[in-house]
file protein_7.cif (mmCIF, C-alpha atoms, pLDDT in the B column; chains and numbers go by the auth columns)
data_run
#
loop_
_atom_site.group_PDB
_atom_site.id
_atom_site.type_symbol
_atom_site.label_atom_id
_atom_site.label_comp_id
_atom_site.label_asym_id
_atom_site.label_seq_id
_atom_site.Cartn_x
_atom_site.Cartn_y
_atom_site.Cartn_z
_atom_site.B_iso_or_equiv
_atom_site.auth_seq_id
_atom_site.auth_asym_id
ATOM 1 C CA MET A 1 28.297 2.264 31.795 37.00 451 A
ATOM 2 C CA SER A 2 29.049 -1.412 31.216 41.00 452 A
ATOM 3 C CA ASP A 3 29.435 -3.887 34.051 45.00 453 A
ATOM 4 C CA THR A 4 31.774 -6.745 33.083 43.00 454 A
ATOM 5 C CA LYS A 5 31.322 -8.646 36.345 47.00 455 A
ATOM 6 C CA PRO A 6 28.673 -11.367 36.378 48.00 456 A
ATOM 7 C CA SER A 7 25.467 -10.854 38.245 60.00 457 A
ATOM 8 C CA SER A 8 25.962 -12.432 41.640 73.00 458 A
ATOM 9 C CA ALA A 9 22.608 -14.208 41.335 79.00 459 A
ATOM 10 C CA ILE A 10 23.534 -15.849 38.015 78.00 460 A
ATOM 11 C CA ALA A 11 27.034 -16.699 39.260 80.00 461 A
ATOM 12 C CA GLU A 12 25.572 -18.340 42.377 87.00 462 A
ATOM 13 C CA LEU A 13 23.012 -20.219 40.295 89.00 463 A
ATOM 14 C CA VAL A 14 25.729 -21.568 37.961 87.00 464 A
ATOM 15 C CA LEU A 15 27.749 -22.748 40.989 88.00 465 A
ATOM 16 C CA GLU A 16 24.688 -24.509 42.426 90.00 466 A
ATOM 17 C CA VAL A 17 23.804 -26.164 39.121 89.00 467 A
ATOM 18 C CA ARG A 18 27.399 -27.374 38.680 86.00 468 A
ATOM 19 C CA LYS A 19 27.040 -29.194 42.020 89.00 469 A
ATOM 20 C CA THR A 20 23.435 -30.404 41.846 89.00 470 A
ATOM 21 C CA ARG A 21 23.157 -31.063 38.075 85.00 471 A
ATOM 22 C CA GLU A 22 19.634 -29.578 38.153 89.00 472 A
ATOM 23 C CA TYR A 23 20.153 -28.018 34.722 89.00 473 A
ATOM 24 C CA SER A 24 16.564 -26.824 34.319 90.00 474 A
ATOM 25 C CA ARG A 25 17.117 -24.274 37.085 90.00 475 A
ATOM 26 C CA LEU A 26 19.657 -22.521 34.875 89.00 476 A
ATOM 27 C CA THR A 27 17.751 -22.677 31.586 91.00 477 A
ATOM 28 C CA ASP A 28 14.534 -21.584 33.307 91.00 478 A
ATOM 29 C CA ALA A 29 16.345 -18.498 34.634 90.00 479 A
ATOM 30 C CA ILE A 30 17.168 -17.324 31.090 90.00 480 A
ATOM 31 C CA PRO A 31 14.174 -15.810 29.233 93.00 481 A
ATOM 32 C CA TYR A 32 15.610 -16.550 25.759 94.00 482 A
ATOM 33 C CA THR A 33 16.114 -20.272 26.374 95.00 483 A
ATOM 34 C CA ARG A 34 12.627 -20.488 27.908 95.00 484 A
ATOM 35 C CA PHE A 35 11.151 -18.764 24.832 96.00 485 A
ATOM 36 C CA MET A 36 13.045 -21.006 22.393 97.00 486 A
ATOM 37 C CA GLY A 37 12.261 -24.187 24.336 97.00 487 A
ATOM 38 C CA ILE A 38 15.956 -24.953 24.866 97.00 488 A
ATOM 39 C CA GLY A 39 16.838 -26.998 27.913 95.00 489 A
ATOM 40 C CA VAL A 40 19.840 -28.876 29.248 94.00 490 A
ATOM 41 C CA GLU A 41 19.268 -32.514 30.122 91.00 491 A
ATOM 42 C CA ASN A 42 21.246 -35.477 31.369 85.00 492 A
ATOM 43 C CA LEU A 43 20.551 -38.162 28.766 81.00 493 A
ATOM 44 C CA ALA A 44 22.323 -41.511 29.146 79.00 494 A
ATOM 45 C CA GLY A 45 24.856 -39.940 31.496 78.00 495 A
ATOM 46 C CA GLU A 46 25.671 -37.130 29.046 85.00 496 A
ATOM 47 C CA MET A 47 24.840 -33.459 29.322 89.00 497 A
ATOM 48 C CA MET A 48 23.138 -32.259 26.140 94.00 498 A
ATOM 49 C CA CYS A 49 20.653 -29.662 24.989 97.00 499 A
ATOM 50 C CA ARG A 50 17.191 -30.269 23.613 97.00 500 A
ATOM 51 C CA MET A 51 15.174 -27.719 21.669 98.00 501 A
ATOM 52 C CA ARG A 52 11.552 -28.778 21.994 97.00 502 A
ATOM 53 C CA TYR A 53 9.624 -28.443 18.760 98.00 503 A
ATOM 54 C CA GLN A 54 7.180 -25.534 18.495 97.00 504 A
ATOM 55 C CA PRO A 55 5.458 -24.378 15.287 97.00 505 A
ATOM 56 C CA MET A 56 7.125 -20.954 15.622 97.00 506 A
ATOM 57 C CA LEU A 57 10.517 -22.617 14.929 97.00 507 A
ATOM 58 C CA ILE A 58 9.571 -23.358 11.310 97.00 508 A
ATOM 59 C CA GLY A 59 11.362 -21.249 8.709 95.00 509 A
ATOM 60 C CA ASN A 60 10.094 -22.952 5.535 92.00 510 A
ATOM 61 C CA SER A 61 6.459 -23.921 5.857 92.00 511 A
ATOM 62 C CA PHE A 62 6.406 -25.680 2.477 93.00 512 A
ATOM 63 C CA LEU A 63 8.817 -28.450 3.560 92.00 513 A
ATOM 64 C CA PRO A 64 8.290 -27.833 6.631 95.00 514 A
ATOM 65 C CA ALA A 65 11.797 -27.215 7.971 96.00 515 A
ATOM 66 C CA LEU A 66 13.254 -25.556 11.050 97.00 516 A
ATOM 67 C CA HIS A 67 14.558 -22.020 10.598 97.00 517 A
ATOM 68 C CA GLY A 68 18.359 -21.866 10.401 96.00 518 A
ATOM 69 C CA GLY A 69 18.434 -19.182 13.074 97.00 519 A
ATOM 70 C CA THR A 70 16.750 -21.490 15.565 97.00 520 A
ATOM 71 C CA LEU A 71 19.368 -24.161 14.870 98.00 521 A
ATOM 72 C CA GLY A 72 22.113 -21.555 15.312 97.00 522 A
ATOM 73 C CA ALA A 73 20.570 -20.532 18.638 97.00 523 A
ATOM 74 C CA LEU A 74 20.532 -24.156 19.793 98.00 524 A
ATOM 75 C CA LEU A 75 24.174 -24.674 18.781 98.00 525 A
ATOM 76 C CA GLU A 76 25.306 -21.452 20.466 97.00 526 A
ATOM 77 C CA SER A 77 23.311 -22.191 23.631 96.00 527 A
ATOM 78 C CA ALA A 78 24.691 -25.733 23.870 97.00 528 A
ATOM 79 C CA SER A 79 28.216 -24.325 23.596 97.00 529 A
ATOM 80 C CA ILE A 80 27.641 -21.721 26.296 94.00 530 A
ATOM 81 C CA PHE A 81 26.064 -24.228 28.683 93.00 531 A
ATOM 82 C CA GLU A 82 28.957 -26.650 28.117 94.00 532 A
ATOM 83 C CA LEU A 83 31.433 -23.905 29.021 94.00 533 A
ATOM 84 C CA LEU A 84 29.406 -22.681 32.005 90.00 534 A
ATOM 85 C CA LEU A 85 28.915 -26.127 33.480 89.00 535 A
ATOM 86 C CA LYS A 86 32.210 -27.853 32.632 90.00 536 A
ATOM 87 C CA THR A 87 34.712 -25.055 33.258 90.00 537 A
ATOM 88 C CA GLU A 88 35.259 -22.713 36.145 85.00 538 A
ATOM 89 C CA THR A 89 34.621 -19.549 34.162 83.00 539 A
ATOM 90 C CA PRO A 90 33.305 -16.861 36.539 75.00 540 A
ATOM 91 C CA ARG A 91 31.055 -15.240 33.916 82.00 541 A
ATOM 92 C CA VAL A 92 28.894 -16.082 30.936 87.00 542 A
ATOM 93 C CA PRO A 93 31.200 -16.654 27.938 92.00 543 A
ATOM 94 C CA LYS A 94 30.933 -14.153 25.064 94.00 544 A
ATOM 95 C CA VAL A 95 30.835 -15.351 21.471 96.00 545 A
ATOM 96 C CA ILE A 96 33.799 -14.185 19.405 97.00 546 A
ATOM 97 C CA SER A 97 32.875 -16.222 16.339 98.00 547 A
ATOM 98 C CA LEU A 98 30.395 -18.941 15.452 97.00 548 A
ATOM 99 C CA THR A 99 30.519 -20.819 12.149 98.00 549 A
ATOM 100 C CA VAL A 100 27.507 -23.022 11.415 98.00 550 A
ATOM 101 C CA ASP A 101 27.356 -25.767 8.796 98.00 551 A
ATOM 102 C CA PHE A 102 23.788 -26.638 7.816 97.00 552 A
ATOM 103 C CA LEU A 103 23.892 -30.279 6.726 97.00 553 A
ATOM 104 C CA ARG A 104 20.231 -31.346 6.373 95.00 554 A
ATOM 105 C CA SER A 105 16.768 -29.844 6.765 95.00 555 A
ATOM 106 C CA GLY A 106 15.505 -29.919 10.321 97.00 556 A
ATOM 107 C CA LYS A 107 12.158 -31.700 10.585 97.00 557 A
ATOM 108 C CA PRO A 108 9.358 -30.368 12.797 97.00 558 A
ATOM 109 C CA GLN A 109 10.392 -32.335 15.881 97.00 559 A
ATOM 110 C CA ASP A 110 12.657 -32.049 18.924 98.00 560 A
ATOM 111 C CA THR A 111 16.315 -31.377 18.123 98.00 561 A
ATOM 112 C CA PHE A 112 19.304 -32.326 20.282 97.00 562 A
ATOM 113 C CA ALA A 113 22.774 -30.796 20.525 98.00 563 A
ATOM 114 C CA ARG A 114 26.000 -31.873 22.199 97.00 564 A
ATOM 115 C CA ALA A 115 28.984 -29.555 22.614 97.00 565 A
ATOM 116 C CA ILE A 116 32.593 -30.516 23.250 97.00 566 A
ATOM 117 C CA ILE A 117 35.303 -28.131 24.404 97.00 567 A
ATOM 118 C CA THR A 118 38.173 -28.757 21.991 97.00 568 A
ATOM 119 C CA ARG A 119 40.642 -26.265 23.441 96.00 569 A
ATOM 120 C CA GLN A 120 40.563 -24.014 26.473 94.00 570 A
ATOM 121 C CA GLY A 121 42.964 -21.335 27.574 91.00 571 A
ATOM 122 C CA ARG A 122 42.765 -18.745 30.329 89.00 572 A
ATOM 123 C CA ARG A 123 40.878 -16.230 28.181 92.00 573 A
ATOM 124 C CA VAL A 124 39.395 -18.113 25.227 95.00 574 A
ATOM 125 C CA ALA A 125 37.900 -21.507 24.436 96.00 575 A
ATOM 126 C CA ASN A 126 37.098 -23.392 21.225 98.00 576 A
ATOM 127 C CA VAL A 127 33.950 -25.507 21.098 98.00 577 A
ATOM 128 C CA ARG A 128 32.611 -28.004 18.549 98.00 578 A
ATOM 129 C CA VAL A 129 28.886 -28.752 18.617 98.00 579 A
ATOM 130 C CA ASP A 130 26.569 -31.018 16.618 98.00 580 A
ATOM 131 C CA ALA A 131 22.766 -31.021 16.352 98.00 581 A
ATOM 132 C CA TRP A 132 20.646 -34.009 15.329 98.00 582 A
ATOM 133 C CA GLN A 133 17.099 -35.280 15.479 98.00 583 A
ATOM 134 C CA ASP A 134 16.462 -38.998 14.946 95.00 584 A
ATOM 135 C CA ASP A 135 19.985 -40.309 14.562 96.00 585 A
ATOM 136 C CA ARG A 136 23.001 -38.852 16.320 94.00 586 A
ATOM 137 C CA THR A 137 25.275 -40.170 13.558 96.00 587 A
ATOM 138 C CA ARG A 138 23.373 -38.024 11.016 97.00 588 A
ATOM 139 C CA PRO A 139 23.683 -34.424 12.284 98.00 589 A
ATOM 140 C CA ILE A 140 21.482 -31.753 10.726 98.00 590 A
ATOM 141 C CA ALA A 141 23.868 -28.928 11.685 98.00 591 A
ATOM 142 C CA SER A 142 27.269 -28.486 13.285 98.00 592 A
ATOM 143 C CA ALA A 143 29.280 -25.505 14.438 98.00 593 A
ATOM 144 C CA HIS A 144 32.703 -24.355 15.561 98.00 594 A
ATOM 145 C CA ALA A 145 32.716 -21.531 18.087 98.00 595 A
ATOM 146 C CA LEU A 146 35.304 -19.349 19.758 98.00 596 A
ATOM 147 C CA PHE A 147 34.389 -17.790 23.110 97.00 597 A
ATOM 148 C CA LEU A 148 35.903 -15.139 25.346 96.00 598 A
ATOM 149 C CA LEU A 149 35.983 -16.504 28.893 92.00 599 A
ATOM 150 C CA ALA A 150 37.614 -13.582 30.688 77.00 600 A
ATOM 151 C CA GLU A 151 38.535 -10.016 29.886 68.00 601 A
ATOM 152 C CA PRO A 152 42.236 -9.440 29.091 59.00 602 A
#

call {"tool": "encode", "arguments": {"input": "protein_7.cif", "output": "structure tokens"}}
result
Amino acid sequence: MSDTKPSSAIAELVLEVRKTREYSRLTDAIPYTRFMGIGVENLAGEMMCRMRYQPMLIGNSFLPALHGGTLGALLESASIFELLLKTETPRVPKVISLTVDFLRSGKPQDTFARAIITRQGRRVANVRVDAWQDDRTRPIASAHALFLLAEP
């Protein structure tokens, strides 16, 4: 049996975080983001995600370079948090599609991501997200995502 309604605890937490802007309360409540070291921060007045570097994030130890899956997780998480915190969706958005462009190798250091909602309807939303390390104008990965916000 599948329950399509959001957990009341998560829904209440999202409402609180929308008001207080204490983003860490939300990311700390999600085991996957805790494990990956992904957090939401207010940097220079902007909400963005940071994936803190950990050796387990390396995919190619010869370069060394971040694993593409970890970058995809950061991009997807940044998109979901943008939708949760900037819209009034009553539940966690579900990914319909996510297309990632890997532009450069990710160095073994913290990586940032910023998502922008490009189009939002009643049931679906499109999001564009970029990830970078040293220089925001030189992204290492970008993605386009389509999310289901509500069941038809």

call {"tool": "resolve_selection", "arguments": {"input": "protein_7.cif", "expression": "the PyMOL selection byres ((chain A and resi 537) around 12)", "output": "list in words"}}
result
Val464, Leu465, Arg468, Ser529, Ile530, Phe531, Glu532, Leu533, Leu534, Leu535, Lys536, Glu538, Thr539, Pro540, Arg541, Val542, Pro543, Ile566, Ile567, Arg569, Gln570, Gly571, Arg572, Arg573, Val574, Ala575 and Leu599 of chain A

call {"tool": "closest_residue", "arguments": {"input": "protein_7.cif", "among": "A:Arg564, A:His594, A:Arg586, A:Arg475", "to": "Val550 in chain A", "atoms": "all atoms listed in the file"}}
result
A:His594

call {"tool": "resolve_selection", "arguments": {"input": "protein_7.cif", "expression": "the PyMOL selection byres ((chain A and resi 479) around 12)", "output": "PyMOL selection string"}}
result
chain A and resi 459-461+463-464+467+473-478+480-485+488-489

call {"tool": "atom_distance", "arguments": {"input": "protein_7.cif", "atom1": "CA of Ile590 in chain A", "atom2": "CA of Val545 in chain A"}}
result
21.7 Å

call {"tool": "atom_distance", "arguments": {"input": "protein_7.cif", "atom1": "CA of Thr549 in chain A", "atom2": "CA of Ala595 in chain A"}}
result
6.4 Å

call {"tool": "atom_distance", "arguments": {"input": "protein_7.cif", "atom1": "CA of Pro505 in chain A", "atom2": "CA of Arg588 in chain A"}}
result
22.9 Å

call {"tool": "closest_residue", "arguments": {"input": "protein_7.cif", "among": "A:Cys499, A:Arg471, A:Gly556, A:Ala494", "to": "Ser511 in chain A", "atoms": "all atoms listed in the file"}}
result
A:Gly556
